[in-house]
Amino acid sequence: MEAEYEVRRRIDERGKITFAEFMDVALYWPHGGYYMGREPVGAQGDFYTSPAVHPAFGALLAVQLFQMWRQLDQPSTFPVLELGAGNGLLCRDITSSASDISAEFATALHYICLDRRNVESVERGTPGTSRIQAERLPFKNFTGCIISNEYLDAFPVHQVVMVGGVLKEVYVGLDGQYLVELTGELSEPGLTSRIHDLGIELAEWQTAEINLGLGQWSQDIAATLDRGFVLTIDYGRTASDLYDSANRPRGTLVTYHQHVQTDSPLELIGKQDITAQVDFTSVAGAGESAGLDTLGMVTQREFLSNLHLESLEARMMNHGLSPNQIRANRAGLKDLARQGGLGDRKSVV
């Protein structure tokens with residue numbers, strides 16, 4: 001309960017803390033934060049990501065990276081930096097597929113896994129890979145690709161709510177011994193600016209999440225990347241859809257514990273995932289303000305289809321697999337592009 005202890009200590013000290021600060025402690029506190037403990041992805045964790053569903057996801061991303069390498073005139077060294085690489089599943093699948101695409105590309109590819117925690121990883125020892133433990137980007141003059149998969153959705157978010165026509169912020173405080181949500185004045189002027197810049201009007205009592213970390217993140221990437229691409233894959237929506245009062249009056253913040261959506265962020269602190277959908281309009285806007293150009297934004301279903309997911313499925317089914325293996329592989333491939341599921345994630349370059 002060390003993350004919860006830290007939350008309570010800060011509230012005792014200051015009276016209340018923003019939801020963003022609470023979320024940061026719950027997820028990243030060095031002693032007991034959710035992401036600082038056991039591996040959260042997979043059957044023994046709390047949720048699945050695309051690399052955990054089927055290695056075809058990494059194989060198709062390798063095709064996209066190959067195309068980027070060619071666009072950069074086939075440099076002899078092509079670094080790929082994955083943010084929040086976790087246990088290295090995506091790295092393993094991309095690097096193992098590279099040689100099937102081009103021997104020259106595979107030789108040039110150098111995959112760097114960056115994560116803020118020290119974890120057991122599946123790619124460790126694989127030639128052409130390395131791992132760095134860091135919170136910020138420790139590179140300059142980078143020519144290659146910076147990639148992230150389900151990374152931005154774990155950024156701490158501020159929560160706001162419209163009360164009496166006035167935008168208020170959601171805080172976490174104490175009522176006796178119980179953690180409770182409170183409303184108060186905005187802690188950051190950027191909250192009002194974000195809503196105004198997006199042209200969004202929240203309805204009365206509508207709750208919304210705002211990620212104020214996108215600006216610094218984009219500036220860090222722009223300062224790192226001298227020439228190349230940024231590929232971001234996550235679940236979220238454009239701002240007009242994300243902040244639609246009829247469809248999402250309570251926002252998009254959810255919690256997961258053992259693959260069950262619990263939606264109780266003030267419970268199981270440090271023991272469950274807390275996540276909110278990504279505002280991709282603000283992602284693109286923050287990138288452009290930092291000097292990055294948005295080349296495209298499509299769903300994961302469209303993204304993988306453009307990389308010929310169907311052709312990959314056909315080739316896989318002709319490799320002497322047993323009927324059970326064929327069914328399992330086909331189910332995994334369909335999950336990657338399933339409407340209403342992983343297929344609705346957004347891919348932004």
# chains A, B, ... in the order shown; residues from 1 in each chain; ligands from 1
call {"tool": "closest_atom_pairs", "arguments": {"of": "range 19-113 of chain A", "to": "range 243-254 of chain A", "cutoff": "12 Å", "atoms": "only C-alpha atoms", "output": "tab-separated table"}}
result
residue	atom	partner	partner_atom	distance
A:Phe19	CA	A:Leu253	CA	11.1
A:Ala20	CA	A:Leu253	CA	11.7
A:Met23	CA	A:Leu253	CA	10.9
call {"tool": "write_last_selection", "arguments": {"atoms": "N, CA, C and O atoms", "output": "compact mmCIF listing (two decimals), in the first residue's frame"}}
result
# COMPACT_ATOMS: atom_id res chain seq x y z
N PHE A 19 -6.16 15.34 -9.62
CA PHE A 19 -6.27 13.96 -10.04
C PHE A 19 -5.03 13.54 -10.83
O PHE A 19 -4.60 12.39 -10.75
N ALA A 20 -4.44 14.49 -11.56
CA ALA A 20 -3.23 14.17 -12.32
C ALA A 20 -2.10 13.76 -11.38
O ALA A 20 -1.37 12.80 -11.66
N MET A 23 -2.91 10.30 -10.02
CA MET A 23 -2.69 9.27 -11.03
C MET A 23 -1.21 8.99 -11.22
O MET A 23 -0.79 7.84 -11.38
call {"tool": "closest_atom_pairs", "arguments": {"of": "range 254-289 of chain A", "to": "range 196-199 of chain A", "cutoff": "12 Å", "atoms": "only C-alpha atoms", "output": "CSV"}}
result
residue,atom,partner,partner_atom,distance
A:Asp279,CA,A:Leu198,CA,10.3
A:Phe280,CA,A:Leu198,CA,11.2
A:Thr281,CA,A:Leu198,CA,8.1
A:Ser282,CA,A:Leu198,CA,7.9
A:Val283,CA,A:Leu198,CA,11.7
A:Ala284,CA,A:Leu198,CA,11.9
A:Gly285,CA,A:Leu198,CA,9.7
A:Ala286,CA,A:Asp197,CA,11.5
call {"tool": "residues_around", "arguments": {"residues": "Arg92 in chain A", "least_positions_apart": "2", "cutoff": "10 Å", "atoms": "only C-alpha atoms", "output": "list in words"}}
result
Pro51, Pro55, Gly58, Ala59, Asn87, Gly88, Leu89, Leu90, Ile94, Thr95, Ser96, Ser97, Tyr111, Ser121, Val122, Glu123, Arg124, Thr126 and Thr129 of chain A
call {"tool": "write_last_selection", "arguments": {"atoms": "all heavy atoms", "output": "CSV table (one decimal), in the first residue's frame"}}
result
chain,number,residue,atom,x,y,z
A,51,PRO,N,0.8,-6.4,-29.3
A,51,PRO,CA,1.9,-7.3,-29.4
A,51,PRO,C,1.7,-8.6,-28.7
A,51,PRO,O,2.2,-9.7,-29.0
A,51,PRO,CB,3.1,-6.6,-28.9
A,51,PRO,CG,2.8,-5.1,-29.1
A,51,PRO,CD,1.3,-5.1,-28.9
A,55,PRO,N,2.0,-11.9,-32.9
A,55,PRO,CA,3.3,-11.4,-33.4
A,55,PRO,C,3.1,-10.7,-34.8
A,55,PRO,O,4.0,-10.0,-35.2
A,55,PRO,CB,4.2,-12.6,-33.4
A,55,PRO,CG,3.3,-13.8,-33.4
A,55,PRO,CD,2.1,-13.4,-32.6
A,58,GLY,N,3.8,-6.9,-34.8
A,58,GLY,CA,5.2,-6.5,-35.0
A,58,GLY,C,5.7,-6.7,-36.4
A,58,GLY,O,6.5,-5.9,-36.9
A,59,ALA,N,5.3,-7.8,-37.0
A,59,ALA,CA,5.7,-8.1,-38.3
A,59,ALA,C,5.3,-7.1,-39.3
A,59,ALA,O,6.0,-6.7,-40.2
A,59,ALA,CB,5.2,-9.5,-38.7
A,87,ASN,N,8.1,-5.1,-21.6
A,87,ASN,CA,8.9,-6.4,-21.6
A,87,ASN,C,9.5,-6.7,-23.0
A,87,ASN,O,10.1,-7.8,-23.1
A,87,ASN,CB,8.0,-7.6,-21.2
A,87,ASN,CG,6.8,-7.8,-22.1
A,87,ASN,OD1,6.7,-7.2,-23.2
A,87,ASN,ND2,6.0,-8.7,-21.7
A,88,GLY,N,9.4,-5.8,-24.0
A,88,GLY,CA,10.1,-6.0,-25.2
A,88,GLY,C,9.5,-6.9,-26.3
A,88,GLY,O,10.1,-7.2,-27.2
A,89,LEU,N,8.2,-7.2,-26.1
A,89,LEU,CA,7.5,-8.1,-27.0
A,89,LEU,C,7.5,-7.5,-28.4
A,89,LEU,O,7.8,-8.2,-29.4
A,89,LEU,CB,6.1,-8.3,-26.6
A,89,LEU,CG,5.7,-9.5,-25.7
A,89,LEU,CD1,4.3,-9.5,-25.4
A,89,LEU,CD2,6.1,-10.8,-26.5
A,90,LEU,N,7.2,-6.2,-28.5
A,90,LEU,CA,7.2,-5.6,-29.9
A,90,LEU,C,8.5,-5.5,-30.5
A,90,LEU,O,8.7,-5.8,-31.7
A,90,LEU,CB,6.6,-4.1,-29.7
A,90,LEU,CG,6.4,-3.4,-31.1
A,90,LEU,CD1,5.5,-4.1,-32.0
A,90,LEU,CD2,5.8,-2.0,-30.8
A,94,ILE,N,9.4,-7.3,-34.2
A,94,ILE,CA,9.9,-6.4,-35.3
A,94,ILE,C,11.2,-6.9,-35.7
A,94,ILE,O,11.5,-7.1,-36.9
A,94,ILE,CB,9.9,-4.9,-34.8
A,94,ILE,CG1,8.5,-4.4,-34.7
A,94,ILE,CG2,10.7,-4.1,-35.8
A,94,ILE,CD1,8.4,-3.0,-34.2
A,95,THR,N,12.2,-7.1,-34.8
A,95,THR,CA,13.5,-7.5,-35.2
A,95,THR,C,13.6,-8.9,-35.8
A,95,THR,O,14.3,-9.1,-36.7
A,95,THR,CB,14.5,-7.4,-34.0
A,95,THR,OG1,14.0,-8.2,-32.9
A,95,THR,CG2,14.6,-5.9,-33.5
A,96,SER,N,12.7,-9.8,-35.3
A,96,SER,CA,12.7,-11.1,-35.9
A,96,SER,C,12.1,-11.2,-37.3
A,96,SER,O,12.4,-12.1,-38.1
A,96,SER,CB,12.0,-12.1,-35.0
A,96,SER,OG,10.6,-11.7,-34.9
A,97,SER,N,11.3,-10.2,-37.6
A,97,SER,CA,10.7,-10.1,-39.0
A,97,SER,C,11.5,-9.3,-40.0
A,97,SER,O,11.3,-9.5,-41.2
A,97,SER,CB,9.3,-9.4,-38.9
A,97,SER,OG,8.5,-10.2,-38.0
A,111,TYR,N,17.4,-1.4,-32.7
A,111,TYR,CA,16.2,-1.2,-31.9
A,111,TYR,C,16.5,-0.9,-30.4
A,111,TYR,O,17.2,-1.7,-29.8
A,111,TYR,CB,15.3,-2.4,-32.0
A,111,TYR,CG,13.8,-2.2,-31.7
A,111,TYR,CD1,12.9,-2.2,-32.7
A,111,TYR,CD2,13.4,-1.9,-30.4
A,111,TYR,CE1,11.5,-2.0,-32.5
A,111,TYR,CE2,12.0,-1.7,-30.1
A,111,TYR,CZ,11.1,-1.7,-31.2
A,111,TYR,OH,9.8,-1.5,-30.9
A,121,SER,N,13.1,-8.7,-19.7
A,121,SER,CA,12.6,-8.4,-21.1
A,121,SER,C,13.0,-9.6,-22.0
A,121,SER,O,13.9,-10.3,-21.8
A,121,SER,CB,13.3,-7.1,-21.7
A,121,SER,OG,14.7,-7.3,-21.6
A,122,VAL,N,12.1,-9.8,-23.0
A,122,VAL,CA,12.3,-10.9,-23.9
A,122,VAL,C,13.3,-10.7,-25.0
A,122,VAL,O,13.8,-11.6,-25.6
A,122,VAL,CB,10.9,-11.3,-24.5
A,122,VAL,CG1,9.9,-11.7,-23.5
A,122,VAL,CG2,10.3,-10.2,-25.4
A,123,GLU,N,13.6,-9.4,-25.2
A,123,GLU,CA,14.5,-9.1,-26.3
A,123,GLU,C,16.0,-9.1,-25.9
A,123,GLU,O,16.9,-9.0,-26.7
A,123,GLU,CB,14.2,-7.7,-27.0
A,123,GLU,CG,15.0,-6.5,-26.4
A,123,GLU,CD,14.6,-6.1,-25.0
A,123,GLU,OE1,13.5,-6.6,-24.5
A,123,GLU,OE2,15.4,-5.4,-24.4
A,124,ARG,N,16.2,-9.2,-24.6
A,124,ARG,CA,17.6,-9.0,-24.0
A,124,ARG,C,18.5,-10.1,-24.7
A,124,ARG,O,18.2,-11.3,-24.7
A,124,ARG,CB,17.5,-9.2,-22.5
A,124,ARG,CG,18.8,-8.6,-21.8
A,124,ARG,CD,18.6,-8.7,-20.3
A,124,ARG,NE,17.5,-8.0,-19.8
A,124,ARG,CZ,17.5,-6.7,-19.5
A,124,ARG,NH1,18.6,-6.0,-19.7
A,124,ARG,NH2,16.4,-6.1,-19.0
A,126,THR,N,19.3,-10.1,-27.8
A,126,THR,CA,19.1,-10.2,-29.3
A,126,THR,C,20.0,-9.2,-30.0
A,126,THR,O,20.1,-8.0,-29.6
A,126,THR,CB,17.7,-9.8,-29.6
A,126,THR,OG1,16.8,-10.7,-28.9
A,126,THR,CG2,17.4,-9.9,-31.1
A,129,THR,N,19.8,-4.9,-30.7
A,129,THR,CA,18.9,-4.3,-29.7
A,129,THR,C,19.7,-3.8,-28.5
A,129,THR,O,20.7,-4.3,-28.2
A,129,THR,CB,17.8,-5.3,-29.3
A,129,THR,OG1,18.4,-6.3,-28.4
A,129,THR,CG2,17.1,-5.9,-30.4
call {"tool": "residues_around", "arguments": {"residues": "Val25 in chain A", "least_positions_apart": "2", "cutoff": "10 Å", "atoms": "only C-alpha atoms", "output": "ChimeraX atom specification"}}
result
/A:2-7,19-23,27-34,156,269-270
call {"tool": "residues_around", "arguments": {"residues": "Gly42 in chain A", "least_positions_apart": "3", "cutoff": "10 Å", "atoms": "only C-alpha atoms", "output": "PyMOL selection string"}}
result
chain A and resi 39+45-49+51-53+258-259
call {"tool": "closest_residue", "arguments": {"among": "A:Val119, A:Ile210, A:Val166, A:Met297", "to": "Pro40 in chain A", "atoms": "only C-alpha atoms"}}
result
A:Val119
call {"tool": "closest_residue", "arguments": {"among": "A:Val298, A:Ala103, A:Val278, A:Leu336", "to": "Leu212 in chain A", "atoms": "only C-alpha atoms"}}
result
A:Val278
call {"tool": "atom_distance", "arguments": {"atom1": "CA of Asp24 in chain A", "atom2": "CA of Ser264 in chain A"}}
result
15.8 Å
call {"tool": "closest_residue", "arguments": {"among": "A:Val163, A:Leu114, A:Leu60, A:Leu333", "to": "Ala85 in chain A", "atoms": "only C-alpha atoms"}}
result
A:Leu114
call {"tool": "closest_residue", "arguments": {"among": "A:Pro189, A:Gly173, A:Gly343, A:Gly236", "to": "Arg10 in chain A", "atoms": "only C-alpha atoms"}}
result
A:Gly173
call {"tool": "residues_around", "arguments": {"residues": "Val80 in chain A", "least_positions_apart": "3", "cutoff": "9 Å", "atoms": "only C-alpha atoms", "output": "PyMOL selection string"}}
result
chain A and resi 65+109-113+143-147
call {"tool": "write_last_selection", "arguments": {"atoms": "C-alpha atoms", "output": "compact mmCIF listing (two decimals), in the first residue's frame"}}
result
# COMPACT_ATOMS: atom_id res chain seq x y z
CA LEU A 65 9.66 0.71 -40.67
CA LEU A 109 18.07 -1.75 -37.91
CA HIS A 110 19.07 -0.97 -34.33
CA TYR A 111 16.16 -1.18 -31.89
CA ILE A 112 16.34 0.73 -28.61
CA CYS A 113 13.86 -0.14 -25.86
CA THR A 143 17.77 10.03 -37.43
CA GLY A 144 15.30 7.16 -37.48
CA CYS A 145 11.89 6.42 -36.00
CA ILE A 146 10.42 7.00 -32.55
CA ILE A 147 7.60 4.58 -31.90
call {"tool": "atom_distance", "arguments": {"atom1": "CA of Leu81 in chain A", "atom2": "CA of Thr255 in chain A"}}
result
28.1 Å
